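Colleague: Okay, so here is my_file12.csv, and as you'll see once you scroll down, it has CSV, C-alpha atoms.
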chain,number,residue,atom,x,y,z
A,796,MET,CA,163.5,-184.3,106.2
A,797,LYS,CA,163.1,-181.0,104.6
A,798,LYS,CA,159.3,-181.4,104.9
A,799,ASN,CA,159.6,-182.2,108.5
A,800,GLY,CA,161.9,-179.3,109.0
A,801,PHE,CA,159.5,-177.0,107.3
A,802,VAL,CA,156.7,-178.2,109.5
A,803,ALA,CA,158.8,-177.7,112.6
A,804,SER,CA,159.7,-174.2,111.6
A,805,SER,CA,156.0,-173.4,110.9
A,806,LEU,CA,155.1,-174.7,114.3
A,807,ILE,CA,157.8,-172.5,116.0
A,808,TYR,CA,156.7,-169.5,114.0
A,809,THR,CA,153.0,-170.1,114.9
A,810,PHE,CA,154.0,-170.5,118.6
A,811,VAL,CA,156.0,-167.2,118.6
A,812,VAL,CA,153.1,-165.3,116.9
A,813,VAL,CA,150.6,-166.7,119.5
A,814,PHE,CA,152.9,-166.0,122.3
A,815,LEU,CA,153.5,-162.4,121.3
A,816,GLY,CA,149.7,-162.0,120.7
A,817,LEU,CA,149.1,-163.3,124.2
A,818,MET,CA,151.7,-161.0,125.7
A,819,LEU,CA,150.2,-158.0,124.0
A,820,PHE,CA,146.7,-159.1,125.2
A,821,LEU,CA,147.9,-159.5,128.8
A,822,LEU,CA,149.8,-156.2,128.7
A,823,ASN,CA,146.8,-154.4,127.3
A,824,SER,CA,144.5,-156.0,129.9
A,825,TYR,CA,147.0,-155.1,132.6
A,826,TYR,CA,147.0,-151.5,131.4
A,827,ARG,CA,143.2,-151.4,131.3
A,828,VAL,CA,143.0,-153.0,134.8
A,829,GLY,CA,145.6,-150.6,136.1
A,830,ASN,CA,143.6,-147.6,134.7
A,831,LEU,CA,140.4,-149.0,136.3
A,832,ALA,CA,142.2,-149.5,139.6
A,833,ASP,CA,143.4,-145.9,139.5
A,834,LYS,CA,139.9,-144.8,138.7
A,835,TYR,CA,138.4,-146.8,141.5
A,836,LYS,CA,141.1,-145.4,143.9
A,837,LEU,CA,140.1,-141.8,142.8
A,838,ASP,CA,136.4,-142.6,143.2
A,839,ILE,CA,137.0,-144.0,146.7
A,840,ARG,CA,139.1,-140.9,147.7
A,841,THR,CA,136.4,-138.6,146.3
A,842,SER,CA,133.7,-140.6,148.1
A,843,LEU,CA,135.6,-140.5,151.4
A,844,LEU,CA,136.1,-136.7,151.0
A,845,ASN,CA,132.3,-136.3,150.4
A,846,ASP,CA,131.5,-138.5,153.4
A,847,LYS,CA,133.4,-136.3,155.7
A,848,ARG,CA,130.8,-133.6,155.1
A,849,ALA,CA,127.2,-133.6,156.3
A,850,ASP,CA,124.5,-132.6,153.8
A,851,LEU,CA,124.7,-129.0,155.1
A,852,ASN,CA,127.8,-127.6,156.7
A,853,ILE,CA,128.4,-124.1,158.0
A,854,ASP,CA,131.8,-122.8,159.2
A,855,MET,CA,131.7,-119.8,161.5
A,856,MET,CA,134.6,-117.5,160.7
A,857,VAL,CA,135.4,-114.6,163.1
A,858,TRP,CA,137.9,-111.8,162.6
A,859,ASN,CA,140.7,-111.7,165.1
A,860,GLU,CA,142.1,-108.2,165.6
A,861,ILE,CA,145.3,-109.5,167.1
A,862,THR,CA,146.3,-112.0,164.4
A,863,LYS,CA,144.5,-110.0,161.6
A,864,GLU,CA,143.0,-113.2,160.3
A,865,TYR,CA,139.6,-115.0,160.3
A,866,GLU,CA,139.5,-117.9,162.7
A,867,LYS,CA,137.0,-120.8,162.8
A,868,VAL,CA,134.8,-120.9,165.9
A,869,LYS,CA,132.2,-123.4,167.1
A,870,ASP,CA,129.2,-121.1,167.6
A,871,VAL,CA,127.6,-118.0,166.0
A,872,PRO,CA,129.0,-115.0,167.7
A,873,LYS,CA,126.6,-113.2,170.0
A,874,ILE,CA,125.7,-109.5,170.1
A,875,GLY,CA,128.7,-107.2,169.4
A,876,TYR,CA,129.4,-108.8,166.0
A,877,TYR,CA,128.0,-108.2,162.6
A,878,PHE,CA,127.5,-110.6,159.7
A,879,GLU,CA,129.6,-109.8,156.7
A,880,SER,CA,127.2,-110.8,153.9
A,881,ASP,CA,129.7,-109.7,151.2
A,882,TYR,CA,132.3,-112.3,152.3
A,883,SER,CA,129.9,-115.1,153.3
A,884,TYR,CA,129.2,-117.7,150.7
A,885,CYS,CA,128.2,-121.3,149.9
A,886,GLU,CA,130.2,-123.5,147.5
A,887,ASN,CA,127.0,-124.7,145.7
A,888,ASN,CA,125.3,-121.3,145.9
A,889,SER,CA,122.8,-122.1,148.7
A,890,GLN,CA,121.1,-119.2,150.4
A,891,LEU,CA,122.8,-118.2,153.6
A,892,ASN,CA,121.0,-115.7,155.9
A,893,TYR,CA,121.7,-114.2,159.4
A,894,GLN,CA,119.1,-112.7,161.7
A,895,ASN,CA,118.9,-112.2,165.4
A,896,GLY,CA,122.0,-114.3,166.2
A,897,ILE,CA,120.7,-117.2,164.1
A,898,ILE,CA,122.2,-118.5,160.8
A,899,THR,CA,119.7,-120.1,158.4
A,900,LEU,CA,120.5,-122.0,155.3
A,901,LYS,CA,118.1,-122.7,152.4
A,902,SER,CA,119.4,-125.4,150.1
A,903,LEU,CA,118.1,-128.1,147.8
A,904,GLN,CA,121.5,-130.0,147.6
A,905,LYS,CA,124.6,-130.9,149.6
A,906,ASP,CA,126.6,-127.7,150.4
A,907,TYR,CA,129.4,-126.3,152.5
A,908,CYS,CA,129.1,-122.7,153.6
A,909,TYR,CA,131.2,-120.0,155.3
A,910,ALA,CA,129.7,-117.3,157.5
A,911,TYR,CA,132.1,-114.4,158.3
A,912,PHE,CA,131.7,-112.0,161.3
A,913,LYS,CA,133.5,-108.9,162.5
A,914,LYS,CA,133.3,-107.1,165.9
A,915,ARG,CA,131.1,-104.0,165.9
A,916,ASP,CA,132.6,-100.6,166.5
A,917,GLU,CA,133.5,-100.5,170.2
A,918,ASP,CA,132.4,-96.8,170.3
A,919,ILE,CA,128.8,-98.2,170.6
A,920,LYS,CA,128.1,-100.7,173.3
A,921,ILE,CA,124.7,-102.2,174.0
A,922,ASN,CA,124.0,-104.0,177.3
A,923,ILE,CA,120.8,-106.2,177.1
A,924,TYR,CA,118.9,-107.4,180.1
A,925,THR,CA,115.8,-109.6,180.5
A,926,LYS,CA,113.2,-109.8,183.2
A,927,GLU,CA,110.6,-112.5,183.7
A,928,LYS,CA,108.1,-110.1,185.2
A,929,ALA,CA,107.9,-106.3,185.7
A,930,ASN,CA,109.2,-106.5,189.2
A,931,SER,CA,111.7,-109.3,188.6
A,932,GLU,CA,115.5,-109.0,188.8
A,933,GLU,CA,117.3,-107.9,185.6
A,934,VAL,CA,119.5,-110.5,184.0
A,935,LEU,CA,122.4,-109.5,181.6
A,936,VAL,CA,122.2,-111.6,178.4
A,937,ASN,CA,124.5,-111.8,175.4
A,938,SER,CA,121.9,-111.8,172.6
A,939,ILE,CA,118.6,-110.2,171.6
A,940,PRO,CA,115.9,-112.4,173.3
A,941,SER,CA,113.1,-114.1,171.4
A,942,PRO,CA,109.7,-112.5,170.5
A,943,VAL,CA,108.5,-113.9,173.8
A,944,TYR,CA,110.1,-110.7,175.3
A,945,LYS,CA,109.2,-107.1,174.5
A,946,ILE,CA,111.1,-103.8,175.1
A,947,GLU,CA,110.4,-102.3,178.6
A,948,SER,CA,113.0,-99.5,178.6
A,949,SER,CA,116.1,-98.2,176.8
A,950,ASN,CA,118.5,-95.4,177.2
A,951,CYS,CA,122.0,-94.3,176.1
A,952,THR,CA,124.8,-92.0,177.4
A,953,ASN,CA,126.0,-88.8,175.7
A,954,GLY,CA,122.6,-88.1,174.2
A,955,ALA,CA,122.6,-91.0,171.7
A,956,GLN,CA,119.3,-92.5,170.5
A,957,ILE,CA,118.5,-96.2,170.2
A,958,LYS,CA,115.6,-97.7,168.3
A,959,PHE,CA,114.4,-101.3,168.2
A,960,THR,CA,112.5,-102.6,165.3
A,961,GLU,CA,110.1,-105.4,166.3
A,962,SER,CA,109.6,-106.9,162.9
A,963,ASP,CA,113.2,-107.9,162.4
A,964,ARG,CA,114.3,-107.4,166.0
A,965,LYS,CA,117.3,-105.2,165.3
A,966,PHE,CA,118.8,-102.2,167.0
A,967,THR,CA,119.6,-98.8,165.4
A,968,VAL,CA,121.8,-96.4,167.3
A,969,LYS,CA,122.4,-92.7,166.3
A,970,ALA,CA,125.4,-91.3,168.2
A,971,LYS,CA,127.9,-88.5,167.6
A,972,ASN,CA,130.2,-89.7,170.4
A,973,LYS,CA,131.0,-92.9,172.2
A,974,THR,CA,128.0,-94.2,173.9
A,975,GLU,CA,126.8,-97.1,176.1
A,976,CYS,CA,123.2,-98.2,176.0
A,977,LYS,CA,121.1,-100.2,178.3
A,978,VAL,CA,118.0,-102.1,177.0
A,979,VAL,CA,115.6,-104.0,179.2
A,980,PHE,CA,113.3,-106.7,177.8
A,981,VAL,CA,110.4,-108.1,179.9
A,982,LYS,CA,108.6,-111.3,179.2
A,983,ARG,CA,105.2,-110.8,177.7
A,984,GLN,CA,102.5,-111.8,180.1
A,985,THR,CA,100.3,-114.4,178.3
A,986,ASP,CA,98.2,-117.3,179.4
A,987,ILE,CA,100.7,-119.7,177.7
A,988,GLU,CA,104.1,-120.6,179.1
A,989,LEU,CA,106.1,-121.8,176.1
A,990,GLN,CA,109.3,-123.8,175.8
A,991,ILE,CA,110.9,-124.4,172.4
A,992,TYR,CA,113.1,-127.5,171.8
A,993,LYS,CA,115.3,-128.4,168.7
A,994,GLU,CA,116.5,-131.9,167.9
A,995,SER,CA,120.1,-132.4,169.3
A,996,ALA,CA,122.0,-135.5,170.2
A,997,SER,CA,123.6,-133.6,173.1
A,998,GLY,CA,120.3,-132.3,174.5
A,999,ASN,CA,118.8,-133.3,177.8
A,1000,GLN,CA,115.1,-133.3,176.9
A,1001,ASN,CA,113.8,-136.6,175.7
A,1002,PHE,CA,110.7,-136.8,173.5
A,1003,GLU,CA,109.6,-139.8,171.4
A,1004,ASN,CA,113.0,-141.6,171.7
A,1005,LEU,CA,115.0,-138.6,170.5
A,1006,LYS,CA,117.0,-136.0,172.4
A,1007,TYR,CA,116.2,-132.2,172.2
A,1008,MET,CA,117.9,-129.0,173.4
A,1009,GLU,CA,115.9,-126.0,174.6
A,1010,THR,CA,116.4,-122.9,172.6
A,1011,ASP,CA,115.3,-119.2,173.0
A,1012,ASN,CA,114.3,-118.8,169.4
A,1013,ILE,CA,112.6,-120.7,166.5
A,1014,PRO,CA,115.4,-122.8,164.9
A,1015,GLY,CA,116.6,-122.0,161.4
A,1016,LEU,CA,115.6,-123.4,158.0
A,1017,ASN,CA,117.5,-126.7,158.8
A,1018,TYR,CA,114.6,-127.5,161.2
A,1019,GLU,CA,110.9,-128.2,160.7
A,1020,PHE,CA,108.1,-127.6,163.1
A,1021,TYR,CA,107.2,-131.1,164.4
A,1022,LYS,CA,104.8,-131.3,167.4
A,1023,TYR,CA,103.7,-129.6,170.5
A,1024,VAL,CA,102.5,-131.0,173.8
A,1025,CYS,CA,100.6,-129.1,176.5
A,1026,ASP,CA,100.4,-130.0,180.2
A,1027,ASP,CA,96.7,-129.4,180.6
A,1028,ASN,CA,94.7,-131.4,178.1
A,1029,ASN,CA,91.4,-129.9,179.3
A,1030,VAL,CA,92.4,-126.4,178.0
A,1031,LYS,CA,92.0,-126.3,174.2
A,1032,THR,CA,95.3,-125.0,172.8
A,1033,THR,CA,96.5,-124.8,169.2
A,1034,ILE,CA,100.0,-123.9,168.2
A,1035,TYR,CA,101.3,-123.6,164.7
A,1036,GLU,CA,104.0,-121.9,162.7
A,1037,ALA,CA,103.5,-119.0,160.2
A,1038,ASN,CA,106.0,-116.6,158.7
A,1039,ASN,CA,108.8,-118.0,161.0
A,1040,ASN,CA,106.7,-117.2,164.1
A,1041,LEU,CA,104.7,-119.3,166.4
A,1042,LYS,CA,101.0,-118.6,166.6
A,1043,ILE,CA,99.1,-119.7,169.7
A,1044,GLU,CA,95.4,-120.0,170.3
A,1045,SER,CA,94.2,-121.0,173.7
A,1046,LYS,CA,91.0,-121.0,175.8
A,1047,GLY,CA,92.9,-120.6,179.0
A,1048,LYS,CA,96.2,-120.9,180.8
A,1049,ASN,CA,98.6,-123.7,179.8
A,1050,ASN,CA,102.2,-124.7,179.7
A,1051,CYS,CA,103.4,-126.1,176.3
A,1052,GLN,CA,106.5,-127.6,174.8
A,1053,VAL,CA,107.1,-127.2,171.0
A,1054,TYR,CA,109.5,-129.6,169.2
A,1055,TYR,CA,111.5,-129.0,166.0
A,1056,LYS,CA,113.1,-131.9,164.1
A,1057,GLY,CA,116.1,-131.8,161.7
A,1058,GLY,CA,119.3,-129.9,161.8
A,1059,THR,CA,122.8,-131.2,161.5
A,1060,ASP,CA,123.5,-131.8,165.2
A,1061,LYS,CA,122.9,-135.5,165.1
A,1062,VAL,CA,126.1,-136.7,166.8
A,1063,GLU,CA,127.0,-136.3,170.4
A,1064,ILE,CA,130.8,-136.1,170.8
A,1065,ILE,CA,132.1,-137.6,174.1
A,1066,VAL,CA,135.8,-136.9,175.0
A,1067,MET,CA,137.7,-139.8,176.6
A,1068,ILE,CA,141.3,-139.5,178.0
A,1069,GLU,CA,143.6,-142.2,179.1
A,1070,THR,CA,143.5,-142.8,182.9
A,1071,ASN,CA,144.5,-145.5,185.4
A,1072,THR,CA,140.9,-146.2,186.6
A,1073,GLY,CA,138.7,-145.9,183.6
A,1074,ASN,CA,137.2,-148.4,181.2
A,1075,ALA,CA,138.6,-150.2,178.1
A,1076,GLY,CA,138.4,-148.0,174.9
A,1077,TYR,CA,140.2,-147.5,171.7
A,1078,THR,CA,143.8,-148.6,172.3
A,1079,THR,CA,144.1,-152.2,173.5
A,1080,GLY,CA,145.3,-152.5,177.0
A,1081,LYS,CA,144.6,-148.9,178.0
A,1082,LYS,CA,141.8,-147.4,180.1
A,1083,TYR,CA,139.8,-144.2,179.5
A,1084,SER,CA,137.6,-141.8,181.5
A,1085,ARG,CA,135.2,-139.2,180.3
A,1086,THR,CA,136.3,-135.5,180.4
A,1087,SER,CA,134.5,-132.3,179.7
A,1088,SER,CA,136.8,-130.9,177.1
A,1089,VAL,CA,139.5,-131.8,174.5
A,1090,PRO,CA,142.8,-132.2,176.4
A,1091,GLY,CA,145.9,-130.1,175.5
A,1092,VAL,CA,149.6,-130.9,175.9
A,1093,GLY,CA,150.3,-134.4,177.1
A,1094,TYR,CA,147.7,-136.2,175.0
A,1095,ASN,CA,147.4,-137.5,171.4
A,1096,TYR,CA,144.2,-138.1,169.6
A,1097,VAL,CA,144.1,-141.8,168.5
A,1098,GLY,CA,140.6,-142.5,167.1
A,1099,TYR,CA,136.9,-142.7,167.7
A,1100,ILE,CA,134.2,-145.3,168.3
A,1101,CYS,CA,130.5,-144.6,167.5
A,1102,GLU,CA,127.4,-146.4,168.8
A,1103,ASP,CA,126.2,-146.4,165.2
A,1104,ALA,CA,128.8,-147.9,163.0
A,1105,LYS,CA,127.7,-145.7,160.0
A,1106,ALA,CA,128.5,-142.5,161.9
A,1107,LYS,CA,131.8,-140.6,161.1
A,1108,VAL,CA,133.9,-138.2,163.1
A,1109,THR,CA,136.3,-135.8,161.3
A,1110,TYR,CA,139.0,-133.6,162.9
A,1111,GLU,CA,139.9,-130.3,161.3
A,1112,ASN,CA,141.2,-127.0,162.7
A,1113,ASN,CA,141.1,-128.3,166.3
A,1114,THR,CA,137.4,-129.1,165.9
A,1115,PHE,CA,135.8,-132.6,165.9
A,1116,THR,CA,132.6,-132.9,163.8
A,1117,GLY,CA,130.3,-135.9,163.8
A,1118,THR,CA,128.0,-136.8,160.9
A,1119,ASN,CA,125.2,-139.3,160.7
A,1120,ASP,CA,121.6,-139.7,159.5
A,1121,THR,CA,120.2,-140.5,162.9
A,1122,GLN,CA,121.1,-139.5,166.5
A,1123,THR,CA,124.1,-141.4,168.0
A,1124,ALA,CA,127.0,-140.9,170.3
A,1125,CYS,CA,130.7,-141.0,169.3
A,1126,ARG,CA,133.6,-141.3,171.8
A,1127,ILE,CA,136.9,-139.7,170.7
A,1128,TYR,CA,139.9,-141.1,172.5
A,1129,PHE,CA,143.2,-139.5,173.6
A,1130,ASP,CA,146.2,-141.5,174.8
A,1131,ALA,CA,148.7,-140.0,177.2
A,1132,THR,CA,152.1,-139.2,175.7
Rewrite the coordinates I just gave you, this time as structure tokens.
Modeller:
Amino acid sequence: MKKNGFVASSLIYTFVVVFLGLMLFLLNSYYRVGNLADKYKLDIRTSLLNDKRADLNIDMMVWNEITKEYEKVKDVPKIGYYFESDYSYCENNSQLNYQNGIITLKSLQKDYCYAYFKKRDEDIKINIYTKEKANSEEVLVNSIPSPVYKIESSNCTNGAQIKFTESDRKFTVKAKNKTECKVVFVKRQTDIELQIYKESASGNQNFENLKYMETDNIPGLNYEFYKYVCDDNNVKTTIYEANNNLKIESKGKNNCQVYYKGGTDKVEIIVMIETNTGNAGYTTGKKYSRTSSVPGVGYNYVGYICEDAKAKVTYENNTFTGTNDTQTACRIYFDAT
């Protein structure tokens, strides 16, 4: 009996040791799995944060004299503002430049940049006009026109002097008192009528199954010269880009369209609001109709649907931004409160 008791005790002892070992193993495994799960959650959160940004992003920040703060805007401010190069920067040290109302970004990696602007001294005001021909009507514009136009005349009040540098297309004004200047640009008379288009999901020009938007200037470094098409194939015409300018060689008169591919404007944002007569949309059982702008009081943003499932729309500082590798359209939906 003692022998059997000894055997039983040994079995119980062995069982306890095995049980405790198994518990330690399970607890250790649970701890490791928990750590891995936390790591995966962190990786997912980081990935989602990165996915919210396109490869190259630029926030336009404009100083508000009333609030005394910089505020984010959608577009580059036109003439009357100057670029604050000392404040502007990129998180990954990409090269950010501003010239003639155009922001250009030179980068070899994903980056997020901030471009800061302040309003110029109101003591100097420059009014710019363009004319298609010498005897055409003057049209007031809000930026310096492209090199297709040249200076026809300029004058300032109170004896101030204004100078325009053709190479960098910038104005210099020398004035002792407040002054207002008038500058008139006239379109250069050449044998080639030229239209420049940049890739844009919201453009209305279709070319090779992509949409393009007409622009007055050569797009920035985010775009690449792609192709050109001329109306008259019997007139030998060659167009190429050199030193950020378009060079044209032609044996006669022609009308040509130049296309640039690239950029970050891949996603067209379409705003949809809840109505009684629209179509089905984001929220089950509700109808929506298209509108031209984001609604204000009385509506809540509820979500988005993109034609390309890989596309993403983010909402920040009252601005909706779409990101995708190819052109697509995304509808953002607002329900009535």
Colleague: So how many Å separate atom CA of Thr925 of chain A and atom CA of Val979 of chain A, to one decimal?
Modeller: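 Computed distance, atom CA of Thr925 of chain A to atom CA of Val979 of chain A, equals 5.8 Å.
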Colleague: Nearest to Leu935 of chain A among A:Asn1095, A:Lys977, A:Asp963, A:Ala996, with distances taken over only C-alpha atoms: which residue is it?
Modeller: A:Lys977
Colleague: Measure the distance from atom CA of Tyr1128 of chain A to atom CA of Thr1086 of chain A in Å and round it to one decimal.
Modeller: 10.3 Å
Colleague: What separation in Å, quoted to one decimal, exists between atom CA of Tyr944 of chain A and atom CA of Lys958 of chain A?
Modeller: 15.8 Å
Colleague: Can you list, as a ChimeraX atom specification, every protein, DNA or RNA residue that comes within 12 Å of segment 983-985 of chain A when you count all atoms listed in the file, leaving out same-chain residues fewer than 3 positions away?
Modeller: /A:925-929,940-947,980,988-989,1043-1050
Colleague: With all atoms listed in the file as the counted atoms, please give the residues lying no more than 10 Å from Ala1104 of chain A, apart from itself and same-chain residues fewer than 5 positions off, as a VMD selection string.
Modeller: chain A and resid 1119 1123 1125
Colleague: When you count only C-alpha atoms, which of these residues is closest to Cys976 of chain A: A:Asp1130, A:Asp854, A:Asp1120, A:Asp918?
Modeller: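 For Cys976 of chain A, the nearest of the given residues is A:Asp918.
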Colleague: Once you count all atoms listed in the file, which residues end up no further than 8 Å from (130.0, -124.7, 151.9) in the file's frame, shown as JSON, numbers by chain?
Modeller: {"A": [851, 852, 853, 854, 884, 885, 886, 887, 906, 907, 908, 909]}
